[in-house]
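Engineer: This is my_file23.tsv (TSV, N, CA and C atoms).
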chain	number	residue	atom	x	y	z
Y	1499	MET	N	260.25	-28.58	98.20
Y	1499	MET	CA	261.58	-28.75	98.71
Y	1499	MET	C	261.53	-29.75	99.87
Y	1500	ILE	N	262.56	-30.56	99.96
Y	1500	ILE	CA	262.69	-31.50	101.06
Y	1500	ILE	C	263.80	-31.00	101.99
Y	1501	VAL	N	263.49	-30.88	103.26
Y	1501	VAL	CA	264.46	-30.48	104.27
Y	1501	VAL	C	264.95	-31.75	104.96
Y	1502	ALA	N	266.25	-32.02	104.87
Y	1502	ALA	CA	266.83	-33.20	105.51
Y	1502	ALA	C	267.27	-32.83	106.93
Y	1503	LEU	N	266.86	-33.64	107.89
Y	1503	LEU	CA	267.18	-33.41	109.30
Y	1503	LEU	C	267.89	-34.64	109.85
Y	1504	PRO	N	269.23	-34.69	109.71
Y	1504	PRO	CA	269.96	-35.85	110.20
Y	1504	PRO	C	270.09	-35.81	111.72
Y	1505	VAL	N	270.09	-37.01	112.34
Y	1505	VAL	CA	270.16	-37.05	113.80
Y	1505	VAL	C	270.73	-38.38	114.27
Y	1506	PHE	N	271.48	-38.31	115.35
Y	1506	PHE	CA	271.88	-39.50	116.08
Y	1506	PHE	C	271.56	-39.23	117.54
Y	1507	THR	N	271.66	-40.23	118.37
Y	1507	THR	CA	271.16	-40.16	119.75
Y	1507	THR	C	271.57	-38.89	120.48
Y	1508	GLU	N	272.82	-38.53	120.42
Y	1508	GLU	CA	273.30	-37.37	121.18
Y	1508	GLU	C	272.76	-36.04	120.66
Y	1509	ASP	N	272.30	-36.01	119.42
Y	1509	ASP	CA	271.78	-34.77	118.84
Y	1509	ASP	C	270.27	-34.61	118.97
Y	1510	VAL	N	269.59	-35.59	119.52
Y	1510	VAL	CA	268.12	-35.54	119.61
Y	1510	VAL	C	267.64	-34.25	120.30
Y	1511	PRO	N	268.18	-33.88	121.48
Y	1511	PRO	CA	267.69	-32.64	122.11
Y	1511	PRO	C	267.94	-31.39	121.26
Y	1512	LYS	N	269.05	-31.37	120.54
Y	1512	LYS	CA	269.35	-30.20	119.69
Y	1512	LYS	C	268.38	-30.11	118.53
Y	1513	LEU	N	268.07	-31.24	117.91
Y	1513	LEU	CA	267.12	-31.21	116.80
Y	1513	LEU	C	265.72	-30.87	117.30
Y	1514	PHE	N	265.35	-31.37	118.46
Y	1514	PHE	CA	264.04	-31.05	119.03
Y	1514	PHE	C	263.92	-29.54	119.26
Y	1515	ASN	N	264.97	-28.92	119.81
Y	1515	ASN	CA	264.97	-27.47	120.01
Y	1515	ASN	C	264.91	-26.72	118.69
Y	1516	LEU	N	265.61	-27.20	117.68
Y	1516	LEU	CA	265.55	-26.57	116.36
Y	1516	LEU	C	264.14	-26.64	115.79
Y	1517	LEU	N	263.50	-27.79	115.93
Y	1517	LEU	CA	262.14	-27.93	115.42
Y	1517	LEU	C	261.15	-27.03	116.16
Y	1518	LYS	N	261.33	-26.88	117.45
Y	1518	LYS	CA	260.47	-25.96	118.21
Y	1518	LYS	C	260.68	-24.53	117.72
Y	1519	TRP	N	261.92	-24.15	117.44
Y	1519	TRP	CA	262.23	-22.81	116.95
Y	1519	TRP	C	261.64	-22.59	115.57
Y	1520	ILE	N	261.76	-23.58	114.69
Y	1520	ILE	CA	261.16	-23.48	113.36
Y	1520	ILE	C	259.66	-23.21	113.49
Y	1521	TYR	N	259.00	-23.92	114.40
Y	1521	TYR	CA	257.57	-23.72	114.62
Y	1521	TYR	C	257.29	-22.29	115.12
Y	1522	GLN	N	258.09	-21.82	116.06
Y	1522	GLN	CA	257.90	-20.46	116.61
Y	1522	GLN	C	258.08	-19.40	115.53
Y	1523	LEU	N	258.93	-19.69	114.56
Y	1523	LEU	CA	259.17	-18.74	113.47
Y	1523	LEU	C	258.10	-18.81	112.38
Y	1524	GLY	N	257.15	-19.72	112.52
Y	1524	GLY	CA	256.06	-19.79	111.55
Y	1524	GLY	C	256.04	-21.05	110.72
Y	1525	GLY	N	256.97	-21.94	110.95
Y	1525	GLY	CA	256.98	-23.21	110.24
Y	1525	GLY	C	257.47	-23.11	108.82
Y	1526	CYS	N	257.42	-24.21	108.14
Y	1526	CYS	CA	257.88	-24.32	106.75
Y	1526	CYS	C	256.83	-25.00	105.91
Y	1527	ARG	N	255.62	-24.48	105.98
Y	1527	ARG	CA	254.56	-25.05	105.16
Y	1527	ARG	C	254.99	-24.95	103.70
Y	1528	ASN	N	254.45	-25.80	102.88
Y	1528	ASN	CA	254.82	-25.95	101.48
Y	1528	ASN	C	256.15	-26.67	101.31
Y	1529	HIS	N	256.69	-27.21	102.41
Y	1529	HIS	CA	257.92	-28.00	102.34
Y	1529	HIS	C	257.71	-29.31	103.08
Y	1530	GLY	N	258.46	-30.31	102.66
Y	1530	GLY	CA	258.45	-31.59	103.35
Y	1530	GLY	C	259.75	-31.74	104.12
Y	1531	ALA	N	259.75	-32.64	105.08
Y	1531	ALA	CA	260.95	-32.91	105.85
Y	1531	ALA	C	261.18	-34.41	105.90
Y	1532	VAL	N	262.43	-34.78	105.96
Y	1532	VAL	CA	262.79	-36.17	106.18
Y	1532	VAL	C	263.77	-36.20	107.35
Y	1533	ILE	N	263.39	-36.93	108.38
Y	1533	ILE	CA	264.27	-37.13	109.53
Y	1533	ILE	C	265.10	-38.36	109.21
Y	1534	VAL	N	266.40	-38.18	109.15
Y	1534	VAL	CA	267.32	-39.26	108.82
Y	1534	VAL	C	268.03	-39.66	110.11
Y	1535	ALA	N	267.61	-40.79	110.67
Y	1535	ALA	CA	268.13	-41.21	111.97
Y	1535	ALA	C	269.19	-42.29	111.82
Y	1536	ASP	N	270.22	-42.21	112.65
Y	1536	ASP	CA	271.17	-43.29	112.75
Y	1536	ASP	C	270.42	-44.51	113.31
Y	1537	ALA	N	270.78	-45.69	112.89
Y	1537	ALA	CA	270.07	-46.91	113.28
Y	1537	ALA	C	270.04	-47.13	114.79
Y	1538	ASP	N	270.97	-46.55	115.53
Y	1538	ASP	CA	270.99	-46.71	116.99
Y	1538	ASP	C	270.12	-45.70	117.73
Y	1539	THR	N	269.51	-44.76	117.03
Y	1539	THR	CA	268.67	-43.76	117.69
Y	1539	THR	C	267.37	-44.42	118.14
Y	1540	PRO	N	267.03	-44.32	119.43
Y	1540	PRO	CA	265.81	-44.97	119.91
Y	1540	PRO	C	264.56	-44.49	119.16
Y	1541	ALA	N	263.71	-45.45	118.82
Y	1541	ALA	CA	262.50	-45.14	118.05
Y	1541	ALA	C	261.62	-44.13	118.77
Y	1542	SER	N	261.53	-44.21	120.08
Y	1542	SER	CA	260.69	-43.26	120.82
Y	1542	SER	C	261.18	-41.83	120.63
Y	1543	HIS	N	262.48	-41.64	120.59
Y	1543	HIS	CA	263.03	-40.29	120.36
Y	1543	HIS	C	262.69	-39.81	118.95
Y	1544	VAL	N	262.83	-40.69	118.00
Y	1544	VAL	CA	262.55	-40.33	116.60
Y	1544	VAL	C	261.07	-39.99	116.42
Y	1545	LEU	N	260.19	-40.75	117.06
Y	1545	LEU	CA	258.75	-40.45	116.96
Y	1545	LEU	C	258.41	-39.11	117.60
Y	1546	ASN	N	259.07	-38.75	118.69
Y	1546	ASN	CA	258.87	-37.43	119.29
Y	1546	ASN	C	259.33	-36.33	118.34
Y	1547	LEU	N	260.46	-36.54	117.68
Y	1547	LEU	CA	260.94	-35.56	116.70
Y	1547	LEU	C	259.95	-35.42	115.54
Y	1548	LYS	N	259.42	-36.55	115.09
Y	1548	LYS	CA	258.46	-36.52	113.98
Y	1548	LYS	C	257.22	-35.73	114.37
Y	1549	ALA	N	256.71	-35.96	115.57
Y	1549	ALA	CA	255.53	-35.24	116.04
Y	1549	ALA	C	255.79	-33.73	116.09
Y	1550	GLU	N	256.97	-33.34	116.54
Y	1550	GLU	CA	257.30	-31.91	116.58
Y	1550	GLU	C	257.44	-31.35	115.17
Y	1551	ALA	N	258.07	-32.10	114.28
Y	1551	ALA	CA	258.26	-31.63	112.89
Y	1551	ALA	C	256.93	-31.48	112.16
Y	1552	GLU	N	255.96	-32.32	112.48
Y	1552	GLU	CA	254.66	-32.26	111.81
Y	1552	GLU	C	253.91	-30.96	112.10
Y	1553	LYS	N	254.32	-30.25	113.13
Y	1553	LYS	CA	253.72	-28.94	113.42
Y	1553	LYS	C	254.14	-27.88	112.40
Y	1554	SER	N	255.27	-28.12	111.73
Y	1554	SER	CA	255.86	-27.08	110.87
Y	1554	SER	C	255.93	-27.43	109.40
Y	1555	PHE	N	255.94	-28.72	109.06
Y	1555	PHE	CA	256.13	-29.14	107.67
Y	1555	PHE	C	254.86	-29.82	107.16
Y	1556	ASP	N	254.65	-29.73	105.84
Y	1556	ASP	CA	253.48	-30.38	105.23
Y	1556	ASP	C	253.54	-31.89	105.37
Y	1557	THR	N	254.70	-32.45	105.12
Y	1557	THR	CA	254.89	-33.89	105.25
Y	1557	THR	C	256.18	-34.14	106.02
Y	1558	VAL	N	256.19	-35.22	106.78
Y	1558	VAL	CA	257.40	-35.62	107.51
Y	1558	VAL	C	257.57	-37.13	107.35
Y	1559	GLN	N	258.69	-37.50	106.79
Y	1559	GLN	CA	259.04	-38.90	106.64
Y	1559	GLN	C	260.20	-39.21	107.59
Y	1560	VAL	N	260.31	-40.45	107.98
Y	1560	VAL	CA	261.42	-40.90	108.81
Y	1560	VAL	C	262.12	-42.04	108.09
Y	1561	ILE	N	263.42	-41.93	107.95
Y	1561	ILE	CA	264.22	-43.02	107.41
Y	1561	ILE	C	265.39	-43.25	108.36
Y	1562	SER	N	266.05	-44.36	108.16
Y	1562	SER	CA	267.16	-44.71	109.04
Y	1562	SER	C	268.30	-45.29	108.21
Y	1563	THR	N	269.48	-45.18	108.75
Y	1563	THR	CA	270.61	-45.85	108.12
Y	1563	THR	C	270.43	-47.35	108.32
Y	1564	PRO	N	270.96	-48.18	107.42
Y	1564	PRO	CA	270.79	-49.62	107.56
Y	1564	PRO	C	271.46	-50.19	108.82
Y	1565	ALA	N	272.53	-49.56	109.25
Y	1565	ALA	CA	273.27	-50.01	110.43
Y	1565	ALA	C	273.85	-48.79	111.12
Y	1566	PRO	N	274.13	-48.88	112.41
Y	1566	PRO	CA	274.74	-47.75	113.11
Y	1566	PRO	C	276.13	-47.46	112.55
Y	1567	VAL	N	276.47	-46.20	112.48
Y	1567	VAL	CA	277.81	-45.80	112.05
Y	1567	VAL	C	278.35	-44.85	113.11
Y	1568	VAL	N	279.49	-45.21	113.68
Y	1568	VAL	CA	280.08	-44.45	114.78
Y	1568	VAL	C	281.27	-43.64	114.28
Y	1569	GLY	N	281.39	-42.43	114.82
Y	1569	GLY	CA	282.58	-41.62	114.55
Y	1569	GLY	C	282.41	-40.62	113.43
Y	1570	TRP	N	283.36	-39.70	113.42
Y	1570	TRP	CA	283.37	-38.66	112.41
Y	1570	TRP	C	284.53	-38.93	111.48
Y	1571	PRO	N	284.37	-38.81	110.20
Y	1571	PRO	CA	283.23	-38.31	109.43
Y	1571	PRO	C	282.27	-39.39	108.95
Y	1572	ALA	N	282.56	-40.65	109.28
Y	1572	ALA	CA	281.72	-41.74	108.75
Y	1572	ALA	C	280.27	-41.63	109.20
Y	1573	GLY	N	280.02	-41.28	110.47
Y	1573	GLY	CA	278.65	-41.18	110.97
Y	1573	GLY	C	277.83	-40.15	110.23
Y	1574	PRO	N	278.28	-38.88	110.22
Y	1574	PRO	CA	277.53	-37.87	109.47
Y	1574	PRO	C	277.43	-38.20	107.98
Y	1575	GLY	N	278.51	-38.76	107.44
Y	1575	GLY	CA	278.49	-39.12	106.02
Y	1575	GLY	C	277.41	-40.13	105.70
Y	1576	SER	N	277.21	-41.10	106.59
Y	1576	SER	CA	276.18	-42.11	106.34
Y	1576	SER	C	274.78	-41.50	106.39
Y	1577	LEU	N	274.58	-40.51	107.26
Y	1577	LEU	CA	273.28	-39.84	107.34
Y	1577	LEU	C	273.00	-39.06	106.07
Y	1578	TRP	N	273.99	-38.33	105.58
Y	1578	TRP	CA	273.78	-37.55	104.36
Y	1578	TRP	C	273.63	-38.44	103.14
Y	1579	LEU	N	274.33	-39.56	103.12
Y	1579	LEU	CA	274.15	-40.50	102.01
Y	1579	LEU	C	272.73	-41.05	102.00
Y	1580	ALA	N	272.21	-41.40	103.17
Y	1580	ALA	CA	270.82	-41.87	103.26
Y	1580	ALA	C	269.85	-40.80	102.79
Y	1581	ALA	N	270.10	-39.54	103.18
Y	1581	ALA	CA	269.23	-38.44	102.75
Y	1581	ALA	C	269.30	-38.25	101.24
Y	1582	ALA	N	270.48	-38.34	100.67
Y	1582	ALA	CA	270.65	-38.16	99.23
Y	1582	ALA	C	269.93	-39.27	98.46
Y	1583	LYS	N	270.03	-40.50	98.95
Y	1583	LYS	CA	269.32	-41.61	98.30
Y	1583	LYS	C	267.81	-41.41	98.37
Y	1584	TYR	N	267.33	-40.94	99.52
Y	1584	TYR	CA	265.91	-40.67	99.68
Y	1584	TYR	C	265.46	-39.60	98.67
Y	1585	ALA	N	266.21	-38.52	98.59
Y	1585	ALA	CA	265.84	-37.42	97.67
Y	1585	ALA	C	265.86	-37.89	96.23
Y	1586	GLN	N	266.82	-38.72	95.88
Y	1586	GLN	CA	266.91	-39.23	94.52
Y	1586	GLN	C	265.68	-40.08	94.16
Y	1587	GLU	N	265.20	-40.82	95.15
Y	1587	GLU	CA	264.03	-41.69	94.91
Y	1587	GLU	C	262.73	-40.88	94.81
Y	1588	GLN	N	262.73	-39.67	95.33
Y	1588	GLN	CA	261.52	-38.86	95.28
Y	1588	GLN	C	261.44	-38.23	93.94
Would you give me this structure, written as structure tokens?

Structural biologist:
Amino acid sequence: MIVALPVFTEDVPKLFNLLKWIYQLGGCRNHGAVIVADADTPASHVLNLKAEAEKSFDTVQVISTPAPVVGWPAGPGSLWLAAAKYAQEQ
């Protein structure tokens, strides 16, 4: 199973806390994760998220939207579309 973890700059601390909690609960071994970042999310933040996710998942991939998308529902929609395309390619 692939767990999609969408994120944009303002959600980075929330996703980091979620990943720490997943680890505390025992992780999700036997599953992979894909961090789907908005193109404006700083790379250093995304790499920190990846390092935390690697504690809990067998594999962690990082993908990004081709361009930043601002606002609701377009922003979240672009993240889920990127995740769906990634899953389809797997």

Engineer: Pull the neighbourhood of (252.8, -31.5, 106.6) for me: all residues within 8 Å in file coordinates, counting all atoms listed in the file, as a list in words.

Structural biologist: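 The residues near that point, listed by chain and number, are Cys1526, Arg1527, Asn1528, His1529, Gly1530, Ala1531, Ala1551, Glu1552, Lys1553, Ser1554, Phe1555, Asp1556, Thr1557 and Val1558 of chain Y.
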
Engineer: How about saving the chosen residues, N, CA and C atoms kept, as a PDB file, keeping the file's coordinate frame?

Structural biologist:
ATOM      1  N   CYS Y1526     257.420 -24.210 108.140  1.00  0.00           N
ATOM      2  CA  CYS Y1526     257.880 -24.320 106.750  1.00  0.00           C
ATOM      3  C   CYS Y1526     256.830 -25.000 105.910  1.00  0.00           C
ATOM      4  N   ARG Y1527     255.620 -24.480 105.980  1.00  0.00           N
ATOM      5  CA  ARG Y1527     254.560 -25.050 105.160  1.00  0.00           C
ATOM      6  C   ARG Y1527     254.990 -24.950 103.700  1.00  0.00           C
ATOM      7  N   ASN Y1528     254.450 -25.800 102.880  1.00  0.00           N
ATOM      8  CA  ASN Y1528     254.820 -25.950 101.480  1.00  0.00           C
ATOM      9  C   ASN Y1528     256.150 -26.670 101.310  1.00  0.00           C
ATOM     10  N   HIS Y1529     256.690 -27.210 102.410  1.00  0.00           N
ATOM     11  CA  HIS Y1529     257.920 -28.000 102.340  1.00  0.00           C
ATOM     12  C   HIS Y1529     257.710 -29.310 103.080  1.00  0.00           C
ATOM     13  N   GLY Y1530     258.460 -30.310 102.660  1.00  0.00           N
ATOM     14  CA  GLY Y1530     258.450 -31.590 103.350  1.00  0.00           C
ATOM     15  C   GLY Y1530     259.750 -31.740 104.120  1.00  0.00           C
ATOM     16  N   ALA Y1531     259.750 -32.640 105.080  1.00  0.00           N
ATOM     17  CA  ALA Y1531     260.950 -32.910 105.850  1.00  0.00           C
ATOM     18  C   ALA Y1531     261.180 -34.410 105.900  1.00  0.00           C
ATOM     19  N   ALA Y1551     258.070 -32.100 114.280  1.00  0.00           N
ATOM     20  CA  ALA Y1551     258.260 -31.630 112.890  1.00  0.00           C
ATOM     21  C   ALA Y1551     256.930 -31.480 112.160  1.00  0.00           C
ATOM     22  N   GLU Y1552     255.960 -32.320 112.480  1.00  0.00           N
ATOM     23  CA  GLU Y1552     254.660 -32.260 111.810  1.00  0.00           C
ATOM     24  C   GLU Y1552     253.910 -30.960 112.100  1.00  0.00           C
ATOM     25  N   LYS Y1553     254.320 -30.250 113.130  1.00  0.00           N
ATOM     26  CA  LYS Y1553     253.720 -28.940 113.420  1.00  0.00           C
ATOM     27  C   LYS Y1553     254.140 -27.880 112.400  1.00  0.00           C
ATOM     28  N   SER Y1554     255.270 -28.120 111.730  1.00  0.00           N
ATOM     29  CA  SER Y1554     255.860 -27.080 110.870  1.00  0.00           C
ATOM     30  C   SER Y1554     255.930 -27.430 109.400  1.00  0.00           C
ATOM     31  N   PHE Y1555     255.940 -28.720 109.060  1.00  0.00           N
ATOM     32  CA  PHE Y1555     256.130 -29.140 107.670  1.00  0.00           C
ATOM     33  C   PHE Y1555     254.860 -29.820 107.160  1.00  0.00           C
ATOM     34  N   ASP Y1556     254.650 -29.730 105.840  1.00  0.00           N
ATOM     35  CA  ASP Y1556     253.480 -30.380 105.230  1.00  0.00           C
ATOM     36  C   ASP Y1556     253.540 -31.890 105.370  1.00  0.00           C
ATOM     37  N   THR Y1557     254.700 -32.450 105.120  1.00  0.00           N
ATOM     38  CA  THR Y1557     254.890 -33.890 105.250  1.00  0.00           C
ATOM     39  C   THR Y1557     256.180 -34.140 106.020  1.00  0.00           C
ATOM     40  N   VAL Y1558     256.190 -35.220 106.780  1.00  0.00           N
ATOM     41  CA  VAL Y1558     257.400 -35.620 107.510  1.00  0.00           C
ATOM     42  C   VAL Y1558     257.570 -37.130 107.350  1.00  0.00           C
TER      43      VAL Y1558
END

Engineer: Given the choices Y:Ala1582, Y:Ile1533, Y:Leu1545, Y:Pro1511, which gets closest to Gln1559 (chain Y) if the distance is worked out from all atoms listed in the file?

Structural biologist: Y:Ile1533

Engineer: Work out how far atom C of Glu1587 (chain Y) is from atom C of Pro1504 (chain Y), in Å to one decimal.

Structural biologist: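 Atom C of Glu1587 (chain Y) lies 19.1 Å from atom C of Pro1504 (chain Y).
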
Engineer: Under the rule that only C-alpha atoms are counted, which of Y:Ala1549, Y:Leu1523, Y:Val1534, Y:Val1544 is the nearest residue to Ile1561 (chain Y)?

Structural biologist: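 Of Y:Ala1549, Y:Leu1523, Y:Val1534, Y:Val1544, the one nearest Ile1561 (chain Y), counting only C-alpha atoms, is Y:Val1534.
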
Engineer: Return as a count of residues only the full set of residues in chain Y whose backbone-based DSSP assignment is strand (DSSP E).

Structural biologist: 24

Engineer: Could you jot down the CA of Phe1506 (chain Y) to CA of Trp1570 (chain Y) separation for me, Å, one decimal place?

Structural biologist: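 Rounded to one decimal, the two atoms are 12.1 Å apart.
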
Engineer: For the atom pair CA of Ala1535 (chain Y) and atom C of Glu1508 (chain Y), what is the interatomic distance in Å to one decimal place?

Structural biologist: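 Going from CA of Ala1535 (chain Y) over to atom C of Glu1508 (chain Y), I get 11.1 Å.
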
Engineer: Between Y:Leu1577, Y:Pro1564, Y:Gln1522, Y:Leu1547, which residue has the minimum interatomic distance to Val1505 (chain Y), considering all atoms listed in the file?

Structural biologist: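 Going through Y:Leu1577, Y:Pro1564, Y:Gln1522, Y:Leu1547 one by one, the smallest distance to Val1505 (chain Y) is for Y:Leu1577.
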
Engineer: Rank nothing, just name the residue among Y:Lys1583, Y:Val1501, Y:Asp1536, Y:Val1560 nearest to Lys1548 (chain Y), using only N, CA and C atoms.

Structural biologist: Y:Val1560

Engineer: Given only C-alpha atoms as the basis, pick out the residue of Y:Val1510, Y:Gly1569, Y:Gly1525, Y:Asn1515 nearest to Pro1540 (chain Y).

Structural biologist: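 Using only C-alpha atoms, Pro1540 (chain Y) sits closest to Y:Val1510.
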
Engineer: May I have all residues of chain Y that DSSP, computed from the backbone, assigns to helix (DSSP H, G or I), given as JSON, numbers by chain?

Structural biologist: {"Y": [1507, 1508, 1509, 1510, 1511, 1512, 1513, 1514, 1515, 1516, 1517, 1518, 1519, 1520, 1521, 1522, 1541, 1542, 1543, 1544, 1545, 1546, 1547, 1548, 1549, 1550, 1551, 1572, 1573, 1574, 1575, 1576, 1577, 1578, 1579, 1580, 1581, 1582, 1583, 1584, 1585, 1586, 1587]}

Engineer: Of the residues Y:Tyr1521, Y:Phe1514, Y:Leu1503, Y:Pro1566, which is the one nearest to Thr1539 (chain Y), using only N, CA and C atoms?

Structural biologist: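 For Thr1539 (chain Y), the nearest of the given residues is Y:Pro1566.
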
Engineer: If I only have part of region 1522-1531 of chain Y, can you fill in all heavy atoms and write it as a PDB file, keeping the file's coordinate frame?

Structural biologist:
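Output below, filename result19.pdb:
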ATOM      1  N   GLN Y1522     258.090 -21.820 116.060  1.00  0.00           N
ATOM      2  CA  GLN Y1522     257.900 -20.460 116.610  1.00  0.00           C
ATOM      3  C   GLN Y1522     258.080 -19.400 115.530  1.00  0.00           C
ATOM      4  O   GLN Y1522     257.450 -18.341 115.589  1.00  0.00           O
ATOM      5  CB  GLN Y1522     258.877 -20.206 117.752  1.00  0.00           C
ATOM      6  CG  GLN Y1522     258.583 -21.001 118.997  1.00  0.00           C
ATOM      7  CD  GLN Y1522     259.683 -20.886 120.043  1.00  0.00           C
ATOM      8  OE1 GLN Y1522     260.757 -20.351 119.778  1.00  0.00           O
ATOM      9  NE2 GLN Y1522     259.419 -21.409 121.222  1.00  0.00           N
ATOM     10  N   LEU Y1523     258.930 -19.690 114.560  1.00  0.00           N
ATOM     11  CA  LEU Y1523     259.170 -18.740 113.470  1.00  0.00           C
ATOM     12  C   LEU Y1523     258.100 -18.810 112.380  1.00  0.00           C
ATOM     13  O   LEU Y1523     258.163 -18.073 111.406  1.00  0.00           O
ATOM     14  CB  LEU Y1523     260.552 -18.967 112.865  1.00  0.00           C
ATOM     15  CG  LEU Y1523     261.728 -18.639 113.779  1.00  0.00           C
ATOM     16  CD1 LEU Y1523     263.036 -19.065 113.123  1.00  0.00           C
ATOM     17  CD2 LEU Y1523     261.760 -17.165 114.121  1.00  0.00           C
ATOM     18  N   GLY Y1524     257.150 -19.720 112.520  1.00  0.00           N
ATOM     19  CA  GLY Y1524     256.060 -19.790 111.550  1.00  0.00           C
ATOM     20  C   GLY Y1524     256.040 -21.050 110.720  1.00  0.00           C
ATOM     21  O   GLY Y1524     255.174 -21.213 109.855  1.00  0.00           O
ATOM     22  N   GLY Y1525     256.970 -21.940 110.950  1.00  0.00           N
ATOM     23  CA  GLY Y1525     256.980 -23.210 110.240  1.00  0.00           C
ATOM     24  C   GLY Y1525     257.470 -23.110 108.820  1.00  0.00           C
ATOM     25  O   GLY Y1525     257.865 -22.039 108.342  1.00  0.00           O
ATOM     26  N   CYS Y1526     257.420 -24.210 108.140  1.00  0.00           N
ATOM     27  CA  CYS Y1526     257.880 -24.320 106.750  1.00  0.00           C
ATOM     28  C   CYS Y1526     256.830 -25.000 105.910  1.00  0.00           C
ATOM     29  O   CYS Y1526     257.085 -26.017 105.259  1.00  0.00           O
ATOM     30  CB  CYS Y1526     259.195 -25.100 106.689  1.00  0.00           C
ATOM     31  SG  CYS Y1526     260.588 -24.288 107.442  1.00  0.00           S
ATOM     32  N   ARG Y1527     255.620 -24.480 105.980  1.00  0.00           N
ATOM     33  CA  ARG Y1527     254.560 -25.050 105.160  1.00  0.00           C
ATOM     34  C   ARG Y1527     254.990 -24.950 103.700  1.00  0.00           C
ATOM     35  O   ARG Y1527     255.787 -24.105 103.331  1.00  0.00           O
ATOM     36  CB  ARG Y1527     253.234 -24.324 105.409  1.00  0.00           C
ATOM     37  CG  ARG Y1527     252.718 -24.578 106.801  1.00  0.00           C
ATOM     38  CD  ARG Y1527     252.334 -26.033 106.969  1.00  0.00           C
ATOM     39  NE  ARG Y1527     252.065 -26.339 108.366  1.00  0.00           N
ATOM     40  CZ  ARG Y1527     251.966 -27.560 108.823  1.00  0.00           C
ATOM     41  NH1 ARG Y1527     252.116 -28.591 108.010  1.00  0.00           N
ATOM     42  NH2 ARG Y1527     251.720 -27.785 110.085  1.00  0.00           N
ATOM     43  N   ASN Y1528     254.450 -25.800 102.880  1.00  0.00           N
ATOM     44  CA  ASN Y1528     254.820 -25.950 101.480  1.00  0.00           C
ATOM     45  C   ASN Y1528     256.150 -26.670 101.310  1.00  0.00           C
ATOM     46  O   ASN Y1528     256.696 -26.722 100.209  1.00  0.00           O
ATOM     47  CB  ASN Y1528     254.860 -24.605 100.729  1.00  0.00           C
ATOM     48  CG  ASN Y1528     253.539 -23.889 100.794  1.00  0.00           C
ATOM     49  OD1 ASN Y1528     252.488 -24.509 100.669  1.00  0.00           O
ATOM     50  ND2 ASN Y1528     253.569 -22.593 101.023  1.00  0.00           N
ATOM     51  N   HIS Y1529     256.690 -27.210 102.410  1.00  0.00           N
ATOM     52  CA  HIS Y1529     257.920 -28.000 102.340  1.00  0.00           C
ATOM     53  C   HIS Y1529     257.710 -29.310 103.080  1.00  0.00           C
ATOM     54  O   HIS Y1529     256.907 -29.405 104.002  1.00  0.00           O
ATOM     55  CB  HIS Y1529     259.089 -27.263 103.001  1.00  0.00           C
ATOM     56  CG  HIS Y1529     259.431 -25.975 102.331  1.00  0.00           C
ATOM     57  ND1 HIS Y1529     259.929 -25.899 101.056  1.00  0.00           N
ATOM     58  CD2 HIS Y1529     259.318 -24.704 102.759  1.00  0.00           C
ATOM     59  CE1 HIS Y1529     260.126 -24.620 100.730  1.00  0.00           C
ATOM     60  NE2 HIS Y1529     259.752 -23.875 101.750  1.00  0.00           N
ATOM     61  N   GLY Y1530     258.460 -30.310 102.660  1.00  0.00           N
ATOM     62  CA  GLY Y1530     258.450 -31.590 103.350  1.00  0.00           C
ATOM     63  C   GLY Y1530     259.750 -31.740 104.120  1.00  0.00           C
ATOM     64  O   GLY Y1530     260.732 -31.058 103.846  1.00  0.00           O
ATOM     65  N   ALA Y1531     259.750 -32.640 105.080  1.00  0.00           N
ATOM     66  CA  ALA Y1531     260.950 -32.910 105.850  1.00  0.00           C
ATOM     67  C   ALA Y1531     261.180 -34.410 105.900  1.00  0.00           C
ATOM     68  O   ALA Y1531     260.223 -35.200 105.850  1.00  0.00           O
ATOM     69  CB  ALA Y1531     260.823 -32.365 107.269  1.00  0.00           C
TER      70      ALA Y1531
END
